[in-house]
Amino acid sequence: MPLLKVTIDNIEVEVEAGTTIMNAARKIGGSVVPPAMCYYSKLEGSGGYCRTCLVKVSQGSFKDNRPMPKLVASCRTPVQDGMVVQNRTSPEVMDNRRAITEFLLINHPLDCPVCDQAGECHLQDLSYEHGLEVTRTEEDRRTFDPIDIGDLIKLHMNRCILCYRCVKVADQITDGRVHGVLGRGDHSEISTLIQKAVDNDFSGNMIDVCPVGALTDKTFRFKSRVWFTRPFDAHRECSKCCGKTVLWMKGEEILRVTGRKDKYGELEEFICNDCRFEHKENVDWIVEGPRKIERHSVISQNHYEKLDIPEDGEETE
Amino acid sequence: MAEKILLKNIDVPGLASFEVYRKLGGYSAVEKVLKNFTPDQVTSEVTKSGLRGRGGAGFPAGMKWGFIDKKTNNPRYFVCNFDESEPGTFKDRHIGQLNPHQLIEGMILGSYALGARTSYIYIRGELFYVLRIIEKAIAEAYKNGFLGENILGSGYSLDLYCQPGAGAYICGEETALLESLEGKRGNPRIKPPFPAVVGLYGCPTVVNNVETIAALPWIINNGGEAYSAVGIGNSKGTKLISACGHINKPGIYEIELGLPVEEFIYSDEYCGGIRPGHTLKAVVAGGSSVPILPANLILKTAEGKPRLMSYESLSEGGFQSGTMLGSGGFIVMDETTCIVKNLLTFAKFYHHESCGQCSPCREGTGWMEKILHRIESGHGTMKDIDLLVDISKHIEGNTICPLGDAAAWPVASAIRHFREEFEEHVKLQKCPF
Ligand SMILES: Cc1cc2nc3c(=O)[nH]c(=O)nc-3n(C[C@H](O)[C@H](O)[C@H](O)COP(=O)(O)O)c2cc1C
Ligand code: SF4
Ligand code: SF4
Ligand code: FES
């Protein structure tokens with residue numbers, strides 16, 4: 001199959017047919033990559049919901065060089081040969097991304113000070129980069145009571161941005177699905193059927209895929225701000241999953257176990273609940289060394305590892 | 001109008017029964033087609049007729065049918081969109097309730113043309129009494145050999161089902177409809193792929209509106225050319241208009257496309273004018289989602305030409321000074337109407353009906369409703385008016401399905417044409433009406 005040529009923010013890249021604009025941009029890397037709040041490369045059919053990844057297609061292809069009439073979701077739009085895409089170079093894209101960020105925030109409680117996700121929250125990062133400094137809403141926000149979905153996971157529906165990632169996890173990597181979206185519009189909620197407990201070997205991955213603090217680990221709840229913990233790659237022999245995890249340590253204590261996330265905040269591999277919730281002793285794990293956090297985030301500001309700082313003082317990824 | 005195409009026999013008592021419909025020449029188009037037409041010939045008549053989809057978007061029906069890949073071995077489906085829930089639109093119900101066999105006959109014709117062996121009428125959940133009527137009519141059609149195995153000995157077999165939804169406007173969006181029909185949550189799909197390629201159960205599917213399908217028997221009986229002789233420009237044939245609001249004769253009218261708007265509103269054959277002692281203020285011409293126009297712009301275009309009831313004429317001037325024919329829900333308002341309050345009602349509807357998949361529509365519709373509520377109840381500021389415009393602009397075009405646009409356009413157009421009225425609410429700190 002011949003490769004397709006696509007230009008994103010003036011940088012050319014060649015990709016296979018069927019590649020989305022998002023993944024072509026990830027192939028280039030750096031600032032041409034649109035932010036993704038719902039797309040998750042390991043979950044089939046994900047993406048298309050949040051609209052933060054909207055980009056402008058200023059030329060459809062070599063064959064049809066017209067621009068596309070609307071902004072398109074880069075995570076769900078396949079590239080064509082000769083496509084020209086604008087992400088950061090389009091003021092229209094940046095303006096709409098600002099608006100989308102605002103939409104995602106108008107019903108969000110902004111309770112970061114008491115949220116376990118703070119510090120590793122994609123919505124915080126997005127707002128920091130694209131949000132307004134002031135809020136233009138004075139209306140009440142929709143509210144739900146936090147609920148337990150099973151013994152191990154807490155759901156704060158108030159914080160949910162309805163990215164559908166956890167729904168797809170429940171659908172695709174756990175068995176006996178009991179979890180989905182109820183209701184409609186801004187009153188829809190993630191829930192389990194009649195509050196049935198989510199109880200299966202891989203349900204904990206919902207916590208890791210959740211971009212915000214809507215699904216959190218009850219065994220880690222309020223134990224520490226993440227930036228006071230130090231992440232270490234570790235592994236163990238596990239019959240259910242790869243056993244490769246990150247241990248979040250405070251002193252000698254393992255406060256939390258998660259999967260390993262790449263620079264887009266996506267899990268490299270899903271892990272089982274056994275590894276995540278049941279193994280918090282040092283003897284359970286073989287520690288490989290400090291985890292390099294590649295995403296820009298406050299957690300990477302914690303100097304547990306020497307960052308590669310070039311001459312001009314800016315850190316590289 | 002010379003001859004009615006859709007509502008010709010609508011007043012005949014007992015029309016909903018097979019006997020009466022048949023006696024009036026019903027099902028002759030099915031007989032004609034099964035005897036003398038190949039499926040492609042049916043499609044070609046429909047293409048010739050110039051018939052456009054009556055569900056709102058006005059997409060040429062023949063062209064849509066042509067997108068179906070007939071070479072696949074997968075089944076193909078023909079689906080009727082009977083979810084009619086747009087505020088102001090109540091025309092499909094009229095056909096389903098009074099002339100269900102006309103719809104069934106159209107379903108058979110379309111199914112034959114597309115090679116569908118199973119077809120569905122997806123009906124809005126609230127129209128349960130219409131569902132009963134249609135189910136009875138389907139049973140009669142089976143009994144008389146027009147549905148089921150080997151119809152009229154032609155070798156063509158078709159099963160037809162009527163499936164009620166659960167009362168969600170969003171299930172009128174064709175891909176949400178298909179999801180719902182499959183038994184899933186009615187969320188619109190991300191397109192492409194379009195239903196012609198991946199539709200119901202992953203198979204090629206055509207979704208058409210009730211009124212589109214109900215026009216098929218006449219087109220087959222009289223020929224595509226005869227149909228295209230009716231109407232004007234690229235607006236062929238007749239259209240049902242459900243007219244409501246401050247007119248003397250609200251109701252459902254069949255008009256020849258190209259009828260002057262002024263004649264439609266004021267002649268006794270149609271709306272019979274504005275109620276006594278009042279004057280026309282504004283019209284929403286095609287269901288709640290199309291831009292509202294003030295009296296001067298609905299009667300005449302910005303260039304002073306008379307505005308006609310046709311796809312082209314109503315959209316002349318773009319959104320700056322025009323609107324759309326949409327689904328034909330014609331809402332007339334006199335000078336006693338508060339535009340802000342009316343808009344608030346629409347905004348409530350879209351907020352309530354948003355499926356919630358994509359953030360601009362899920363969050364933006366509720367936000368706009370709250371701001372409109374504030375302005376209407378006298379707590380708004382001048383900034384709120386600009387904020388509304390700003391929000392609507394950032395919903396428009398940024399969503400998965402057109403419900404986002406449908407929520408944004410009424411807001412943008414009401415402020416475009418009636419800004420003073422919004423400002424008056426702010427200045428007086430109350431609704432002036
Ligand atoms: C939110 C929304 C609601 C809709 N509701 C209806 C409806 O109730 N009936 C309908 O025929 N089309 C409706 N449509 C349009 C359909 O998606 C589709 O275009 C139509 O059924 C195609 O039929 P046609 O080509 O015969 O018009 C709706 C579209 C949207 C976006
Ligand atoms: S709970 Fe989290 S993962 Fe699930 S839809 Fe909400 S934001 Fe997404
Ligand atoms: S535009 Fe609204 S109704 Fe359509 S998919 Fe998005 S949230 Fe759902
Ligand atoms: S990441 Fe593409 S729409 Fe959410």
# chains A, B, ... in the order shown; residues from 1 in each chain; ligands from 1
call {"tool": "residues_near_ligand", "arguments": {"ligand": "ligand 3", "cutoff": "8 Å", "atoms": "only C-alpha atoms and all ligand atoms", "output": "list of chain:residue names"}}
result
A:Tyr49, A:Gly185, B:Ile170, B:Asn187, B:Pro188, B:Arg189, B:Glu353, B:Ser354, B:Cys355, B:Gly356, B:Gln357, B:Cys358, B:Ser359, B:Pro360, B:Cys361, B:Arg362, B:Thr399, B:Ile400, B:Cys401, B:Pro402, B:Leu403, B:Gly404, B:Asp405
call {"tool": "interface_residues", "arguments": {"of": "chain A", "to": "chain B", "cutoff": "10 Å", "atoms": "only C-alpha atoms", "output": "short mmCIF file (atom, residue, chain, number, x, y, z; two decimals) with C-alpha atoms, in the first residue's frame"}}
result
data_model
loop_
_atom_site.label_atom_id
_atom_site.label_comp_id
_atom_site.auth_asym_id
_atom_site.auth_seq_id
_atom_site.Cartn_x
_atom_site.Cartn_y
_atom_site.Cartn_z
CA GLY A 45 -14.88 3.24 18.60
CA GLY A 47 -13.43 9.47 20.19
CA GLY A 48 -15.72 11.93 18.50
CA TYR A 49 -17.51 13.05 21.65
CA CYS A 50 -15.56 15.80 23.37
CA ARG A 51 -14.68 17.84 20.27
CA THR A 52 -11.46 19.20 21.78
CA LEU A 54 -11.32 19.65 16.22
CA PRO A 69 -16.76 23.06 5.25
CA LYS A 70 -16.63 22.48 9.02
CA LEU A 71 -13.97 21.75 11.56
CA VAL A 72 -13.55 17.99 11.92
CA ALA A 73 -12.81 15.72 14.85
CA ARG A 76 -12.34 10.22 13.84
CA THR A 77 -11.36 11.61 10.46
CA PRO A 78 -9.13 9.51 8.22
CA ASP A 95 -11.00 29.90 19.15
CA ASN A 96 -13.28 26.88 19.02
CA ARG A 97 -11.01 24.89 21.30
CA ARG A 98 -11.32 27.67 23.82
CA ALA A 99 -15.09 27.40 23.50
CA ILE A 100 -15.09 23.61 23.85
CA THR A 101 -12.95 23.91 26.97
CA GLU A 102 -15.49 26.35 28.34
CA PHE A 103 -18.34 23.98 27.53
CA LEU A 104 -16.57 21.18 29.37
CA LEU A 105 -16.18 23.40 32.39
CA ILE A 106 -19.60 25.00 32.78
CA ASN A 107 -21.00 22.04 34.65
CA ARG A 136 -18.72 33.49 32.08
CA THR A 137 -21.29 31.33 33.82
CA GLU A 138 -23.16 32.32 36.89
CA GLU A 139 -25.68 29.52 36.71
CA ASP A 140 -25.93 26.62 39.10
CA ARG A 141 -24.13 23.51 38.01
CA ILE A 161 -17.21 14.95 31.05
CA LEU A 162 -19.04 12.03 29.42
CA CYS A 163 -16.09 10.93 27.35
CA TYR A 164 -17.50 7.38 27.20
CA GLY A 180 -23.26 2.59 31.00
CA VAL A 181 -24.92 5.96 30.42
CA LEU A 182 -28.36 6.66 31.82
CA GLY A 183 -30.49 9.67 30.95
CA ARG A 184 -29.93 12.26 28.29
CA GLY A 185 -28.15 15.55 27.64
CA ASP A 186 -26.45 17.32 30.51
CA HIS A 187 -28.51 15.29 32.92
CA SER A 188 -27.11 12.01 31.65
CA GLU A 189 -25.03 10.06 34.08
#
call {"tool": "residues_near_ligand", "arguments": {"ligand": "ligand 1", "cutoff": "7 Å", "atoms": "only C-alpha atoms and all ligand atoms", "output": "tab-separated table (two decimals) with all heavy atoms, in the first residue's frame"}}
result
chain	number	residue	atom	x	y	z
B	52	ARG	N	-37.77	15.45	-3.30
B	52	ARG	CA	-36.74	15.66	-2.29
B	52	ARG	C	-37.26	15.22	-0.93
B	52	ARG	O	-38.46	15.26	-0.68
B	52	ARG	CB	-36.34	17.13	-2.26
B	52	ARG	CG	-35.58	17.51	-3.53
B	52	ARG	CD	-35.41	19.00	-3.67
B	52	ARG	NE	-34.52	19.55	-2.66
B	52	ARG	CZ	-34.01	20.79	-2.74
B	52	ARG	NH1	-34.32	21.56	-3.77
B	52	ARG	NH2	-33.23	21.26	-1.80
B	53	GLY	N	-36.33	14.81	-0.07
B	53	GLY	CA	-36.71	14.31	1.25
B	53	GLY	C	-37.49	15.36	2.01
B	53	GLY	O	-37.12	16.53	2.06
B	54	ARG	N	-38.61	14.93	2.62
B	54	ARG	CA	-39.48	15.88	3.32
B	54	ARG	C	-39.23	15.90	4.82
B	54	ARG	O	-39.99	16.48	5.58
B	54	ARG	CB	-40.95	15.51	3.07
B	54	ARG	CG	-41.34	15.44	1.59
B	54	ARG	CD	-41.17	16.77	0.88
B	54	ARG	NE	-41.86	16.76	-0.42
B	54	ARG	CZ	-41.42	17.39	-1.49
B	54	ARG	NH1	-40.28	18.06	-1.46
B	54	ARG	NH2	-42.11	17.34	-2.61
B	55	GLY	N	-38.16	15.23	5.27
B	55	GLY	CA	-37.87	15.18	6.71
B	55	GLY	C	-37.20	16.44	7.22
B	55	GLY	O	-37.08	16.64	8.42
B	56	GLY	N	-36.72	17.27	6.31
B	56	GLY	CA	-36.11	18.52	6.76
B	56	GLY	C	-34.94	18.95	5.89
B	56	GLY	O	-34.81	20.11	5.55
B	57	ALA	N	-34.10	18.01	5.50
B	57	ALA	CA	-32.88	18.39	4.80
B	57	ALA	C	-33.10	18.56	3.29
B	57	ALA	O	-32.31	19.20	2.61
B	57	ALA	CB	-31.78	17.37	5.06
B	58	GLY	N	-34.17	17.97	2.76
B	58	GLY	CA	-34.48	18.17	1.34
B	58	GLY	C	-33.52	17.49	0.39
B	58	GLY	O	-33.31	17.94	-0.74
B	59	PHE	N	-32.95	16.37	0.81
B	59	PHE	CA	-32.01	15.65	-0.05
B	59	PHE	C	-32.77	14.88	-1.13
B	59	PHE	O	-33.76	14.22	-0.83
B	59	PHE	CB	-31.16	14.70	0.78
B	59	PHE	CG	-29.94	14.22	0.07
B	59	PHE	CD1	-28.80	14.99	0.05
B	59	PHE	CD2	-29.96	13.01	-0.63
B	59	PHE	CE1	-27.67	14.56	-0.65
B	59	PHE	CE2	-28.84	12.57	-1.32
B	59	PHE	CZ	-27.69	13.35	-1.32
B	60	PRO	N	-32.34	14.95	-2.41
B	60	PRO	CA	-33.07	14.26	-3.48
B	60	PRO	C	-33.20	12.75	-3.19
B	60	PRO	O	-32.19	12.06	-2.98
B	60	PRO	CB	-32.21	14.50	-4.72
B	60	PRO	CG	-31.45	15.75	-4.41
B	60	PRO	CD	-31.22	15.73	-2.92
B	61	ALA	N	-34.44	12.26	-3.20
B	61	ALA	CA	-34.69	10.88	-2.80
B	61	ALA	C	-34.04	9.88	-3.76
B	61	ALA	O	-33.40	8.92	-3.32
B	61	ALA	CB	-36.19	10.62	-2.70
B	81	ASN	N	-38.92	7.03	8.58
B	81	ASN	CA	-38.73	7.88	9.75
B	81	ASN	C	-40.06	8.54	10.13
B	81	ASN	O	-40.49	9.49	9.51
B	81	ASN	CB	-37.67	8.94	9.44
B	81	ASN	CG	-37.25	9.73	10.66
B	81	ASN	OD1	-37.97	9.76	11.66
B	81	ASN	ND2	-36.09	10.37	10.58
B	82	PHE	N	-40.69	7.96	11.13
B	82	PHE	CA	-41.98	8.48	11.61
B	82	PHE	C	-41.81	8.98	13.03
B	82	PHE	O	-42.67	8.83	13.88
B	82	PHE	CB	-43.04	7.37	11.57
B	82	PHE	CG	-44.47	7.84	11.49
B	82	PHE	CD1	-45.41	7.11	10.77
B	82	PHE	CD2	-44.89	9.01	12.12
B	82	PHE	CE1	-46.74	7.52	10.68
B	82	PHE	CE2	-46.21	9.43	12.03
B	82	PHE	CZ	-47.14	8.69	11.32
B	83	ASP	N	-40.65	9.61	13.29
B	83	ASP	CA	-40.39	10.06	14.67
B	83	ASP	C	-40.93	11.46	14.91
B	83	ASP	O	-40.80	12.01	16.00
B	83	ASP	CB	-38.90	10.01	14.98
B	83	ASP	CG	-38.65	10.12	16.47
B	83	ASP	OD1	-39.18	9.27	17.20
B	83	ASP	OD2	-37.96	11.06	16.91
B	84	GLU	N	-41.47	12.06	13.88
B	84	GLU	CA	-41.98	13.43	13.91
B	84	GLU	C	-42.15	14.04	15.32
B	84	GLU	O	-43.15	13.79	16.00
B	84	GLU	CB	-43.33	13.47	13.20
B	84	GLU	CG	-43.87	14.87	13.03
B	84	GLU	CD	-45.08	14.90	12.09
B	84	GLU	OE1	-46.10	14.29	12.40
B	84	GLU	OE2	-44.95	15.54	11.02
B	85	SER	N	-41.17	14.83	15.73
B	85	SER	CA	-41.27	15.46	17.06
B	85	SER	C	-40.81	16.90	17.09
B	85	SER	O	-40.71	17.50	18.15
B	85	SER	CB	-40.42	14.69	18.09
B	85	SER	OG	-40.03	13.44	17.66
B	86	GLU	N	-40.49	17.46	15.94
B	86	GLU	CA	-40.03	18.84	15.93
B	86	GLU	C	-41.19	19.76	16.27
B	86	GLU	O	-42.25	19.66	15.67
B	86	GLU	CB	-39.51	19.16	14.52
B	86	GLU	CG	-39.07	20.58	14.38
B	86	GLU	CD	-37.68	20.68	13.79
B	86	GLU	OE1	-36.88	19.76	14.01
B	86	GLU	OE2	-37.43	21.68	13.11
B	169	TYR	N	-36.82	12.96	20.80
B	169	TYR	CA	-36.68	13.71	19.55
B	169	TYR	C	-35.43	13.28	18.79
B	169	TYR	O	-35.43	13.18	17.57
B	169	TYR	CB	-36.64	15.20	19.88
B	169	TYR	CG	-36.25	16.11	18.75
B	169	TYR	CD1	-37.02	16.22	17.59
B	169	TYR	CD2	-35.11	16.91	18.84
B	169	TYR	CE1	-36.67	17.08	16.57
B	169	TYR	CE2	-34.76	17.79	17.83
B	169	TYR	CZ	-35.53	17.87	16.69
B	169	TYR	OH	-35.17	18.72	15.69
B	170	ILE	N	-34.36	13.01	19.53
B	170	ILE	CA	-33.10	12.71	18.87
B	170	ILE	C	-33.20	11.45	18.02
B	170	ILE	O	-32.46	11.28	17.06
B	170	ILE	CB	-31.94	12.61	19.90
B	170	ILE	CG1	-30.58	12.58	19.19
B	170	ILE	CG2	-32.08	11.40	20.82
B	170	ILE	CD1	-30.33	13.74	18.26
B	171	CYS	N	-34.14	10.56	18.36
B	171	CYS	CA	-34.28	9.34	17.56
B	171	CYS	C	-34.87	9.62	16.18
B	171	CYS	O	-35.04	8.71	15.38
B	171	CYS	CB	-35.09	8.30	18.30
B	171	CYS	SG	-34.17	7.65	19.70
B	172	GLY	N	-35.17	10.89	15.88
B	172	GLY	CA	-35.56	11.26	14.52
B	172	GLY	C	-34.34	11.48	13.65
B	172	GLY	O	-34.42	11.42	12.43
B	173	GLU	N	-33.20	11.75	14.26
B	173	GLU	CA	-31.95	11.84	13.49
B	173	GLU	C	-31.67	10.43	12.99
B	173	GLU	O	-31.70	9.47	13.76
B	173	GLU	CB	-30.82	12.36	14.39
B	173	GLU	CG	-29.60	12.82	13.64
B	173	GLU	CD	-28.68	11.70	13.18
B	173	GLU	OE1	-28.70	10.62	13.78
B	173	GLU	OE2	-27.95	11.90	12.21
B	174	GLU	N	-31.41	10.30	11.70
B	174	GLU	CA	-31.52	8.96	11.12
B	174	GLU	C	-30.58	7.92	11.72
B	174	GLU	O	-30.95	6.76	11.83
B	174	GLU	CB	-31.40	9.01	9.59
B	174	GLU	CG	-30.11	9.63	9.07
B	174	GLU	CD	-30.13	9.74	7.55
B	174	GLU	OE1	-31.18	9.47	6.94
B	174	GLU	OE2	-29.10	10.11	6.98
B	207	VAL	N	-33.07	5.69	4.86
B	207	VAL	CA	-34.08	6.21	5.76
B	207	VAL	C	-34.78	7.35	5.04
B	207	VAL	O	-34.12	8.27	4.54
B	207	VAL	CB	-33.46	6.74	7.07
B	207	VAL	CG1	-34.55	7.26	8.00
B	207	VAL	CG2	-32.64	5.65	7.76
B	208	ASN	N	-36.10	7.29	4.97
B	208	ASN	CA	-36.87	8.38	4.38
B	208	ASN	C	-38.01	8.78	5.30
B	208	ASN	O	-38.51	7.97	6.08
B	208	ASN	CB	-37.46	7.98	3.01
B	208	ASN	CG	-36.51	8.22	1.85
B	208	ASN	OD1	-36.32	7.36	1.00
B	208	ASN	ND2	-35.89	9.41	1.82
B	209	ASN	N	-38.40	10.01	5.14
B	209	ASN	CA	-39.51	10.57	5.90
B	209	ASN	C	-40.86	10.01	5.41
B	209	ASN	O	-41.00	9.61	4.26
B	209	ASN	CB	-39.46	12.10	5.74
B	209	ASN	CG	-40.66	12.78	6.34
B	209	ASN	OD1	-41.55	13.22	5.63
B	209	ASN	ND2	-40.68	12.87	7.65
B	210	VAL	N	-41.84	10.01	6.28
B	210	VAL	CA	-43.19	9.54	5.96
B	210	VAL	C	-43.74	10.20	4.70
B	210	VAL	O	-44.24	9.52	3.78
B	210	VAL	CB	-44.16	9.85	7.13
B	210	VAL	CG1	-45.60	9.55	6.75
B	210	VAL	CG2	-43.76	9.09	8.38
B	212	THR	N	-42.18	11.75	2.30
B	212	THR	CA	-41.42	11.36	1.11
B	212	THR	C	-41.98	10.04	0.57
B	212	THR	O	-42.23	9.88	-0.63
B	212	THR	CB	-39.93	11.16	1.46
B	212	THR	OG1	-39.50	12.21	2.32
B	212	THR	CG2	-39.07	11.10	0.24
B	401	CYS	N	-24.12	15.61	15.41
B	401	CYS	CA	-25.32	15.58	14.56
B	401	CYS	C	-25.89	17.00	14.47
B	401	CYS	O	-25.50	17.90	15.21
B	401	CYS	CB	-26.33	14.59	15.11
B	401	CYS	SG	-27.49	15.30	16.30
B	402	PRO	N	-26.84	17.20	13.57
B	402	PRO	CA	-27.36	18.57	13.37
B	402	PRO	C	-28.25	19.10	14.50
B	402	PRO	O	-28.73	20.22	14.40
B	402	PRO	CB	-28.18	18.46	12.07
B	402	PRO	CG	-27.77	17.18	11.45
B	402	PRO	CD	-27.34	16.28	12.56
B	403	LEU	N	-28.48	18.34	15.58
B	403	LEU	CA	-29.29	18.90	16.65
B	403	LEU	C	-28.61	20.13	17.24
B	403	LEU	O	-29.27	21.09	17.63
B	403	LEU	CB	-29.58	17.87	17.75
B	403	LEU	CG	-30.62	18.34	18.78
B	403	LEU	CD1	-31.56	17.22	19.18
B	403	LEU	CD2	-30.01	18.94	20.02
call {"tool": "residues_around", "arguments": {"residues": "segment 24-40 of chain B", "least_positions_apart": "3", "cutoff": "9 Å", "atoms": "only C-alpha atoms", "output": "PyMOL selection string"}}
result
chain B and resi 9+15+18-21+43-45+101-102+105-106+108-115+146+151-156+216-221
call {"tool": "residues_near_ligand", "arguments": {"ligand": "ligand 2", "cutoff": "10 Å", "atoms": "only C-alpha atoms and all ligand atoms", "output": "PyMOL selection string"}}
result
(chain A and resi 37-38+50+123+154-170+179-181+189-191+205-216) or (chain B and resi 357)
call {"tool": "select_by_dssp", "arguments": {"residues": "segment 183-369 of chain B", "states": "helix (DSSP H, G or I)", "output": "ChimeraX atom specification"}}
result
/B:200-202,210-214,216-222,224-228,261-266,295-299,311-315,318-321,339-353,359-369
call {"tool": "atom_distance", "arguments": {"atom1": "atom CA of Trp409 of chain B", "atom2": "atom CA of Ser377 of chain B"}}
result
22.2 Å
call {"tool": "atom_distance", "arguments": {"atom1": "atom CA of His425 of chain B", "atom2": "atom CA of Val290 of chain B"}}
result
23.6 Å
call {"tool": "residues_around", "arguments": {"residues": "segment 318-326 of chain B", "least_positions_apart": "4", "cutoff": "10 Å", "atoms": "only C-alpha atoms", "output": "JSON, numbers by chain"}}
result
{"B": [53, 54, 55, 56, 57, 58, 89, 239, 241, 283, 284, 285, 286, 287, 288, 289, 290, 291, 292, 293, 294, 297, 298, 300, 301, 302, 303, 307, 308, 309, 310, 311, 312, 313, 314, 330, 409, 412, 413, 416, 417]}
call {"tool": "closest_residue", "arguments": {"among": "A:Lys63, A:Ala17, A:Tyr264, A:Ala118", "to": "ligand 4", "atoms": "only C-alpha atoms and all ligand atoms"}}
result
A:Tyr264
call {"tool": "residues_around", "arguments": {"residues": "Ser58 of chain A", "least_positions_apart": "6", "cutoff": "10 Å", "atoms": "only C-alpha atoms", "output": "short mmCIF file (atom, residue, chain, number, x, y, z; two decimals) with N, CA, C and O atoms, in the first residue's frame"}}
result
data_model
loop_
_atom_site.label_atom_id
_atom_site.label_comp_id
_atom_site.auth_asym_id
_atom_site.auth_seq_id
_atom_site.Cartn_x
_atom_site.Cartn_y
_atom_site.Cartn_z
N ASN A 65 -9.01 19.51 -3.85
CA ASN A 65 -8.27 20.41 -2.97
C ASN A 65 -9.14 21.42 -2.23
O ASN A 65 -8.65 22.37 -1.65
N ARG A 66 -10.46 21.18 -2.25
CA ARG A 66 -11.32 22.09 -1.50
C ARG A 66 -11.14 21.89 0.00
O ARG A 66 -10.84 20.80 0.45
N PRO A 67 -11.34 22.95 0.77
CA PRO A 67 -11.32 22.78 2.22
C PRO A 67 -12.59 22.07 2.68
O PRO A 67 -13.59 22.09 1.98
N MET A 68 -12.55 21.44 3.84
CA MET A 68 -13.78 20.87 4.39
C MET A 68 -14.60 21.99 5.02
O MET A 68 -14.04 22.90 5.63
N PRO A 69 -15.93 21.92 4.86
CA PRO A 69 -16.76 23.06 5.25
C PRO A 69 -16.77 23.34 6.77
O PRO A 69 -16.94 24.48 7.17
N LYS A 70 -16.60 22.28 7.57
CA LYS A 70 -16.63 22.48 9.02
C LYS A 70 -15.33 21.98 9.61
O LYS A 70 -14.61 21.21 8.97
N LEU A 71 -15.07 22.37 10.85
CA LEU A 71 -13.97 21.75 11.56
C LEU A 71 -14.30 20.27 11.75
O LEU A 71 -15.46 19.91 11.87
N MET A 83 -3.80 15.71 2.03
CA MET A 83 -4.61 16.52 2.93
C MET A 83 -3.72 17.56 3.65
O MET A 83 -2.59 17.26 4.02
N VAL A 84 -4.27 18.75 3.80
CA VAL A 84 -3.56 19.78 4.55
C VAL A 84 -4.42 20.15 5.76
O VAL A 84 -5.58 20.53 5.61
N VAL A 85 -3.82 20.01 6.93
CA VAL A 85 -4.56 20.21 8.17
C VAL A 85 -3.94 21.35 8.96
O VAL A 85 -2.72 21.51 9.00
N GLN A 86 -4.81 22.15 9.57
CA GLN A 86 -4.30 23.17 10.48
C GLN A 86 -4.80 22.89 11.88
O GLN A 86 -5.99 22.71 12.10
N SER A 90 -4.31 27.52 13.05
CA SER A 90 -5.60 28.10 12.67
C SER A 90 -6.24 28.84 13.84
O SER A 90 -6.59 28.23 14.84
#
call {"tool": "closest_residue", "arguments": {"among": "A:Pro231, A:Pro91, A:Pro290, A:Gly82", "to": "Gly60 of chain A", "atoms": "only C-alpha atoms"}}
result
A:Gly82
call {"tool": "residues_around", "arguments": {"residues": "Phe433 of chain B", "least_positions_apart": "5", "cutoff": "9 Å", "atoms": "only C-alpha atoms", "output": "JSON, numbers by chain"}}
result
{"B": [336, 337, 338]}
call {"tool": "select_by_dssp", "arguments": {"residues": "segment 97-225 of chain A", "states": "strand (DSSP E)", "output": "ChimeraX atom specification"}}
result
/A:147-148,153-155,179-182,189-192,215-217
call {"tool": "atom_distance", "arguments": {"atom1": "atom CA of Val332 of chain B", "atom2": "atom CA of Gly245 of chain B"}}
result
4.8 Å
call {"tool": "residues_around", "arguments": {"residues": "Asp116 of chain A", "least_positions_apart": "3", "cutoff": "7 Å", "atoms": "only C-alpha atoms", "output": "list of chain:residue names"}}
result
A:Gly213, A:Arg221, A:Phe222, A:Arg225
call {"tool": "closest_residue", "arguments": {"among": "A:Lys218, A:His122, A:Lys240, A:Lys27", "to": "ligand 4", "atoms": "only C-alpha atoms and all ligand atoms"}}
result
A:His122
call {"tool": "closest_residue", "arguments": {"among": "B:Asp11, B:Glu376, B:Glu135, B:Glu262", "to": "Thr345 of chain B", "atoms": "only C-alpha atoms"}}
result
B:Glu376
